Amino acid sequence: MDKISKSIVWIQLLVFSLFISCSEDTVNTEPVIGDLIRNFSLSSPVEIYVGQSIIVNGVGYDSGDILNFKSVSNEFEVIVTTVSEKSCSFIVPDGFVSSSYSVTIKRDNKFQYLGSLVVKLKDVKDVPDKENTTIKGMVFCQGNAVPGVRVTDGIITTETDQNGFYWLNSNKNHGYVYLTLPSGYEVVGSGNEVFPKFWSVLRSDKLVCEQHDFELTPVNNTNHIMLVATDLHLGNRLSVTNDLTQFNNGFINDANKFVYAHDNTPVYTMFLGDLAWDEFWYANNYDLSDYKKTMESYYSTAIFNVMGNHDNDPSKTGDFAGEQAFKDILGPTYYSVNIGGIHYIVLDNTVWVNTNGAEGIVGDLSYNRHIVEAQLNWLKEDLDAISDKNTPVVIGFHCHTHSNYNQSFATTKSITSASTDALLSYLSGFSEVHLLSGHTHYNANIPITSKIMEHNTAAVCETWWWSGKLTGAGICRDGTPSGYGVYEMNGKNVKWYYKSIGKPEDKQFRSYDMNRVKEFYTSNVQNVLEKYSVRNGEGNDYASVEENVVFLNIWNYDPEWEISVTEDGTELSVKRIYERDPFHTLCYDYPRMVFDSYVHNEWTSVKNSHMFQVKAASPNSTLQIKVTDRFGSVYEEAMTRPKDFSVSTD
C-alpha cells in the first residue's frame, strides 16, 4: 500500500471513530471500511432549509443507510428516505446549522467517508402551496417583495406576484430554477460575488414541491461596463505553454487594473465560452471546477458564463449528458439578466456529440452548431416579454453566426441552420441588437442589418497560448492582440472598443512597412511556411506587394470608421485588402515550425477583413496615420520609415 492510500485509510478511520463516538448500538462493533458508494456528488456550498428533501447523487445507496454530517462543533445523522439507481434522498432535520461538514455513510458495521460539504441554512418564509406545483418560492429585497420578476426552469416561465411569490409546475428536467435578474438589482449570494447565484439547484424528487427563494440587493447600475472576453482555454499545460501563469499575469492582471481604474462604475464580465479545455480535463486534472476556483481566487468582477464546445464533459456522449458538468458547477446554459437599461441574454449554440465518449474515455470531441428547439422557445418568450423594443438587446453565445472574412468583405452566415433564421426573426422588432461571439480566435465587427451587429471577439488565449510562449507577444490568428471587448453602457446608449492585454486603450491598430516585412521572407522562412498546406504553397505571402506599400491592421474596424494617411501633406489612397497579418506569422507560424516542426493548419494565420494598404512615394518618408472610430475617438501614429519588423516593435 502506497503512502497516499495509507493516508486515505487513516483519514477514513479517524472520521469513522468520530462517527461512532455518540452511537450506542455501534460502540462495540469493529468498523470496516466499505466500498459502498460510487460517484458521490453534492455540490458545495449548498443552500438548504429545515424540512427540505435533499437528493444526493451516487450509485449504491440502500434503504436504511445513515448519513453522518460532522463539523467542529456539531453532528447530525439522517436516515436515507428514498433510494434510486443513481441517488438517494433525506430530510434536513430540525436544528441543522450552517457550517462545514465531513460527510460519512454507514451501513451495518461498514462505513465510507464521502467528502466535505459547506452548508448554508436558509430562513424560509412560507409560500402557500398550489395544486400541481413542484417548485415555489419568493423574490425579495431588504425584506420586501419584488413583483414582476421572471422565474424559469429553462422550459416554462412565470412571474412573481404582488407578494413576490412564484409557482412552477416543472418536471425538473434541467435540475435548477433561476430568475431573470431585474434592472437595478444584484443577487445576494453565499459570500461569493464572482459568480452571481441567480440560480438554485433542485434537491428534491420530481413530484415533491420544493421552495427556492432569491434575495436581491439594490444597486445603481444604470451606467455600467461589460467586459466581453472569450476562449480562455485553460488546461493546466504548465510544461507546454504555461497557460495558467500567462493567464494570471496577462488577462487577470489587466482586467483587474481596468476595474480598479473604473471604481466609480459597476463593471461586469461576460465570458463567451471555452473556459476550460475538454481535452485536458482528465489528462491534466483541470476542468470547469478548477476554472471556477481560479476566478474566485483572483478575479474582481461578477462573471456571466457562456458555454463553449470545449466546456462539455469529454467522457459523455450527447448534448444533455455533456453539459451536465457545466450545469453542476456554473449553472444554467442559457438565461437572461437586466443591467441598467440593457437586456442581456446568454445562449448555448453548441450541440455536443462526442462519439465514443465513455466513463474514463475521451471521445472524438465532435459537436454541431445550432440552438436547440427548447432553448429557442424559451428565447422567444424572453424577448416577447420586453415591451419596450427600444431596449438594447445584447446576446452572448460561443460560435459565431456570421462572418465577413472573404474577398468582398460581404456578410455571410457561418451557421446556416434554421436556428439562425429564427434568432434573427425574433430580434427583428428591436431597434438595437448586439450579438457577441467567440470561437474563431480572431476579431470582426459584422453588420447583419441596420439594427443588428455581430461582434466576433478575439481570444484571451490568442493562438492557444502559443505565440505568448514562443515570443512573449500574445497574437491571435488575424493579428489582433489578445484582449477583450469593453462595452460602456450609459442608460440605453451602447459604446464599445477593444482593449489589448498589456497595452493602453488607444492601441487600436498596427502599421507595417512592407519593404521591411518582405525582407523577413528569406528562402529559409518561405520553405518553413510552405509546410502549412492551407497556405496553398504560398511560402511568401507578400511576393506580389509593391515597393513602399504600408499595411494597416485595424482589428476593431467596422464600416463607420474613417482612415486617413498623409505623406508630406499629401493624402494617400487607402484600400481595404484581404490579406494575412504579418505579425502573427512572425509570432506563431514561423517560430512554431522552428520550435517543434508541428503543422497545425487550424491555428495558422488567416486572411482577414480589417487590413488596409497605402502606397507611399518614398521608402524613407514619415506617414501621418489617423484612424477615427464610429464614436469619434481618434487614434494616431507618426510612422517613421523605414520601420523595423520585429516582435519588439508591436
# chains A, B, ... in the order shown; residues from 1 in each chain; ligands from 1
call {"tool": "select_by_dssp", "arguments": {"residues": "stretch 437-519 of chain A", "states": "alpha helix (DSSP H)", "output": "PDB file with C-alpha atoms, in the first residue's frame"}}
result
ATOM      1  CA  TRP A 466       1.486  29.514 -28.186  1.00  0.00           C
ATOM      2  CA  SER A 467       2.518  32.930 -29.528  1.00  0.00           C
ATOM      3  CA  GLY A 468       2.893  34.159 -25.955  1.00  0.00           C
ATOM      4  CA  LYS A 469       5.041  31.159 -25.113  1.00  0.00           C
ATOM      5  CA  LEU A 470       7.204  31.428 -28.236  1.00  0.00           C
ATOM      6  CA  THR A 471       7.730  35.196 -28.450  1.00  0.00           C
ATOM      7  CA  MET A 514       6.096  46.135 -46.142  1.00  0.00           C
ATOM      8  CA  ASN A 515       9.577  46.848 -47.514  1.00  0.00           C
ATOM      9  CA  ARG A 516      10.922  45.521 -44.207  1.00  0.00           C
ATOM     10  CA  VAL A 517       8.327  42.754 -43.893  1.00  0.00           C
ATOM     11  CA  LYS A 518       9.337  41.356 -47.290  1.00  0.00           C
ATOM     12  CA  GLU A 519      12.949  41.252 -46.124  1.00  0.00           C
TER      13      GLU A 519
END
call {"tool": "residues_around", "arguments": {"residues": "stretch 266-280 of chain A", "least_positions_apart": "2", "cutoff": "7 Å", "atoms": "only C-alpha atoms", "output": "ChimeraX atom specification"}}
result
/A:221,224-235,259,264,282-288,291,301-314,396-398,437-438
call {"tool": "residues_around", "arguments": {"residues": "A:Asn456", "least_positions_apart": "3", "cutoff": "9 Å", "atoms": "only C-alpha atoms", "output": "PyMOL selection string"}}
result
chain A and resi 399-403+435-446
call {"tool": "write_last_selection", "arguments": {"atoms": "N, CA, C and O atoms", "output": "CSV table (one decimal), in the first residue's frame"}}
result
chain,number,residue,atom,x,y,z
A,399,CYS,N,-20.3,30.2,-30.6
A,399,CYS,CA,-19.9,30.0,-32.1
A,399,CYS,C,-20.5,31.2,-32.9
A,399,CYS,O,-21.7,31.5,-32.7
A,400,HIS,N,-19.7,31.8,-33.7
A,400,HIS,CA,-20.2,32.9,-34.5
A,400,HIS,C,-21.2,32.5,-35.5
A,400,HIS,O,-21.1,31.4,-36.1
A,401,THR,N,-22.2,33.4,-35.7
A,401,THR,CA,-23.3,33.0,-36.7
A,401,THR,C,-23.0,33.7,-38.0
A,401,THR,O,-23.6,33.2,-39.0
A,402,HIS,N,-22.2,34.7,-38.1
A,402,HIS,CA,-21.9,35.4,-39.3
A,402,HIS,C,-20.4,35.7,-39.5
A,402,HIS,O,-19.7,35.7,-38.5
A,403,SER,N,-20.0,36.0,-40.7
A,403,SER,CA,-18.5,36.3,-40.9
A,403,SER,C,-18.4,37.3,-42.1
A,403,SER,O,-19.3,37.4,-42.9
A,435,LEU,N,-24.9,41.0,-31.1
A,435,LEU,CA,-24.6,39.6,-30.9
A,435,LEU,C,-23.1,39.5,-30.6
A,435,LEU,O,-22.2,40.0,-31.4
A,436,LEU,N,-22.7,38.8,-29.5
A,436,LEU,CA,-21.4,38.7,-29.1
A,436,LEU,C,-21.0,37.2,-29.2
A,436,LEU,O,-21.6,36.3,-28.7
A,437,SER,N,-19.9,36.9,-30.0
A,437,SER,CA,-19.4,35.6,-30.2
A,437,SER,C,-17.9,35.4,-30.1
A,437,SER,O,-17.2,36.4,-30.1
A,438,GLY,N,-17.5,34.2,-29.9
A,438,GLY,CA,-16.0,33.9,-29.9
A,438,GLY,C,-15.7,32.8,-30.9
A,438,GLY,O,-16.0,32.9,-32.0
A,439,HIS,N,-14.9,31.8,-30.4
A,439,HIS,CA,-14.7,30.6,-31.1
A,439,HIS,C,-13.6,30.6,-32.2
A,439,HIS,O,-12.9,29.7,-32.3
A,440,THR,N,-13.6,31.7,-32.9
A,440,THR,CA,-12.7,31.8,-34.1
A,440,THR,C,-11.2,32.1,-33.7
A,440,THR,O,-10.3,31.9,-34.5
A,441,HIS,N,-11.0,32.8,-32.6
A,441,HIS,CA,-9.7,33.3,-32.2
A,441,HIS,C,-9.3,34.4,-33.2
A,441,HIS,O,-8.1,34.6,-33.5
A,442,TYR,N,-10.3,35.2,-33.7
A,442,TYR,CA,-10.0,36.4,-34.4
A,442,TYR,C,-11.1,37.5,-34.2
A,442,TYR,O,-12.1,37.2,-33.5
A,443,ASN,N,-10.9,38.7,-34.7
A,443,ASN,CA,-11.8,39.8,-34.4
A,443,ASN,C,-12.5,40.2,-35.6
A,443,ASN,O,-11.9,40.3,-36.7
A,444,ALA,N,-13.8,40.5,-35.5
A,444,ALA,CA,-14.5,41.1,-36.6
A,444,ALA,C,-15.8,41.7,-36.1
A,444,ALA,O,-16.5,41.1,-35.3
A,445,ASN,N,-16.1,42.9,-36.6
A,445,ASN,CA,-17.4,43.5,-36.4
A,445,ASN,C,-18.2,43.4,-37.7
A,445,ASN,O,-17.8,43.9,-38.7
A,446,ILE,N,-19.4,42.8,-37.6
A,446,ILE,CA,-20.1,42.4,-38.8
A,446,ILE,C,-21.5,42.9,-38.8
A,446,ILE,O,-22.4,42.4,-38.0
call {"tool": "atom_distance", "arguments": {"atom1": "atom CA of A:Thr604", "atom2": "atom CA of A:Asp644"}}
result
22.9 Å
call {"tool": "residues_around", "arguments": {"residues": "stretch 625-642 of chain A", "least_positions_apart": "4", "cutoff": "9 Å", "atoms": "only C-alpha atoms", "output": "list in words"}}
result
Lys495, Trp496, Tyr497, Asp506, Lys507, Gln508, Phe509, Ser511, Asp513, Asn515, Arg516, Ile554, Asn556, Tyr557, Asp558, Pro559, Glu560, Trp561, Glu562, Ile563, Ser564, Val565, Thr566, Pro619, Asn620 and Ser621 of chain A
call {"tool": "atom_distance", "arguments": {"atom1": "atom CA of A:Ser544", "atom2": "atom CA of A:Tyr588"}}
result
22.5 Å
call {"tool": "residues_around", "arguments": {"residues": "A:Val372", "least_positions_apart": "3", "cutoff": "10 Å", "atoms": "only C-alpha atoms", "output": "PyMOL selection string"}}
result
chain A and resi 319+348-351+369+375-377+418-419
call {"tool": "write_last_selection", "arguments": {"atoms": "N, CA, C and O atoms", "output": "tab-separated table (two decimals), in the first residue's frame"}}
result
chain	number	residue	atom	x	y	z
A	319	ASP	N	-25.70	15.78	-26.03
A	319	ASP	CA	-25.66	17.16	-25.54
A	319	ASP	C	-26.07	17.27	-24.08
A	319	ASP	O	-25.43	17.98	-23.30
A	348	ASP	N	-26.65	28.96	-25.57
A	348	ASP	CA	-25.72	27.85	-25.85
A	348	ASP	C	-26.00	27.39	-27.27
A	348	ASP	O	-27.03	26.78	-27.54
A	349	ASN	N	-25.08	27.68	-28.20
A	349	ASN	CA	-25.31	27.27	-29.59
A	349	ASN	C	-24.34	26.18	-30.05
A	349	ASN	O	-24.02	26.07	-31.23
A	350	THR	N	-23.87	25.38	-29.10
A	350	THR	CA	-23.13	24.17	-29.44
A	350	THR	C	-23.93	22.95	-28.98
A	350	THR	O	-24.50	22.96	-27.88
A	351	VAL	N	-24.00	21.94	-29.82
A	351	VAL	CA	-24.72	20.70	-29.51
A	351	VAL	C	-23.71	19.56	-29.51
A	351	VAL	O	-23.17	19.19	-30.55
A	369	ARG	N	-23.34	22.96	-34.50
A	369	ARG	CA	-23.55	24.36	-34.15
A	369	ARG	C	-24.97	24.78	-34.51
A	369	ARG	O	-25.28	25.02	-35.67
A	375	GLN	N	-34.61	25.66	-26.32
A	375	GLN	CA	-33.95	26.93	-25.99
A	375	GLN	C	-34.53	28.08	-26.83
A	375	GLN	O	-34.72	29.19	-26.33
A	376	LEU	N	-34.83	27.80	-28.09
A	376	LEU	CA	-35.45	28.82	-28.94
A	376	LEU	C	-36.83	29.22	-28.42
A	376	LEU	O	-37.20	30.40	-28.44
A	377	ASN	N	-37.58	28.23	-27.93
A	377	ASN	CA	-38.90	28.53	-27.37
A	377	ASN	C	-38.77	29.44	-26.15
A	377	ASN	O	-39.53	30.40	-25.98
A	418	ALA	N	-31.59	26.51	-39.31
A	418	ALA	CA	-32.85	27.24	-39.12
A	418	ALA	C	-32.83	28.06	-37.85
A	418	ALA	O	-33.54	29.06	-37.74
A	419	SER	N	-32.00	27.67	-36.87
A	419	SER	CA	-31.96	28.41	-35.61
A	419	SER	C	-31.41	29.81	-35.80
A	419	SER	O	-31.80	30.74	-35.09
call {"tool": "residues_around", "arguments": {"residues": "A:Phe612", "least_positions_apart": "6", "cutoff": "7 Å", "atoms": "only C-alpha atoms", "output": "compact mmCIF listing (two decimals) with N, CA, C and O atoms, in the first residue's frame"}}
result
# COMPACT_ATOMS: atom_id res chain seq x y z
N PHE A 551 0.99 48.45 -44.80
CA PHE A 551 -0.23 47.77 -44.36
C PHE A 551 -0.67 48.34 -43.01
O PHE A 551 0.17 48.69 -42.16
N LEU A 552 -1.97 48.40 -42.79
CA LEU A 552 -2.56 48.75 -41.50
C LEU A 552 -3.51 47.64 -41.08
O LEU A 552 -4.41 47.28 -41.85
N ASN A 553 -3.33 47.13 -39.89
CA ASN A 553 -4.29 46.18 -39.33
C ASN A 553 -5.09 46.92 -38.26
O ASN A 553 -4.57 47.26 -37.19
N VAL A 574 -6.45 55.01 -49.49
CA VAL A 574 -6.50 53.86 -48.60
C VAL A 574 -7.37 52.78 -49.23
O VAL A 574 -8.51 53.04 -49.62
N LYS A 575 -6.84 51.58 -49.31
CA LYS A 575 -7.56 50.46 -49.93
C LYS A 575 -7.72 49.33 -48.92
O LYS A 575 -6.76 48.94 -48.25
N ARG A 576 -8.92 48.81 -48.79
CA ARG A 576 -9.17 47.65 -47.94
C ARG A 576 -8.75 46.40 -48.69
O ARG A 576 -9.10 46.21 -49.87
N ILE A 577 -7.97 45.53 -48.03
CA ILE A 577 -7.42 44.35 -48.69
C ILE A 577 -7.72 43.10 -47.87
O ILE A 577 -7.95 43.17 -46.66
call {"tool": "residues_around", "arguments": {"residues": "stretch 315-318 of chain A", "least_positions_apart": "6", "cutoff": "10 Å", "atoms": "only C-alpha atoms", "output": "number ranges by chain"}}
result
A: 278-279, 281-282, 324-325, 351-367
call {"tool": "closest_residue", "arguments": {"among": "A:Phe409, A:Tyr512, A:Phe595, A:Trp603", "to": "A:Lys615", "atoms": "only C-alpha atoms"}}
result
A:Tyr512
call {"tool": "closest_residue", "arguments": {"among": "A:Asn223, A:Arg237, A:Phe520, A:Ile395", "to": "A:Glu488", "atoms": "only C-alpha atoms"}}
result
A:Asn223
call {"tool": "closest_residue", "arguments": {"among": "A:Leu67, A:Glu131, A:Leu427, A:Ile252", "to": "A:Ser102", "atoms": "only C-alpha atoms"}}
result
A:Leu67
call {"tool": "select_by_dssp", "arguments": {"residues": "stretch 264-296 of chain A", "states": "strand (DSSP E or B)", "output": "NGL selection string"}}
result
:A and (267-271 or 276)
call {"tool": "atom_distance", "arguments": {"atom1": "atom CA of A:Tyr166", "atom2": "atom CA of A:Gly137"}}
result
5.5 Å
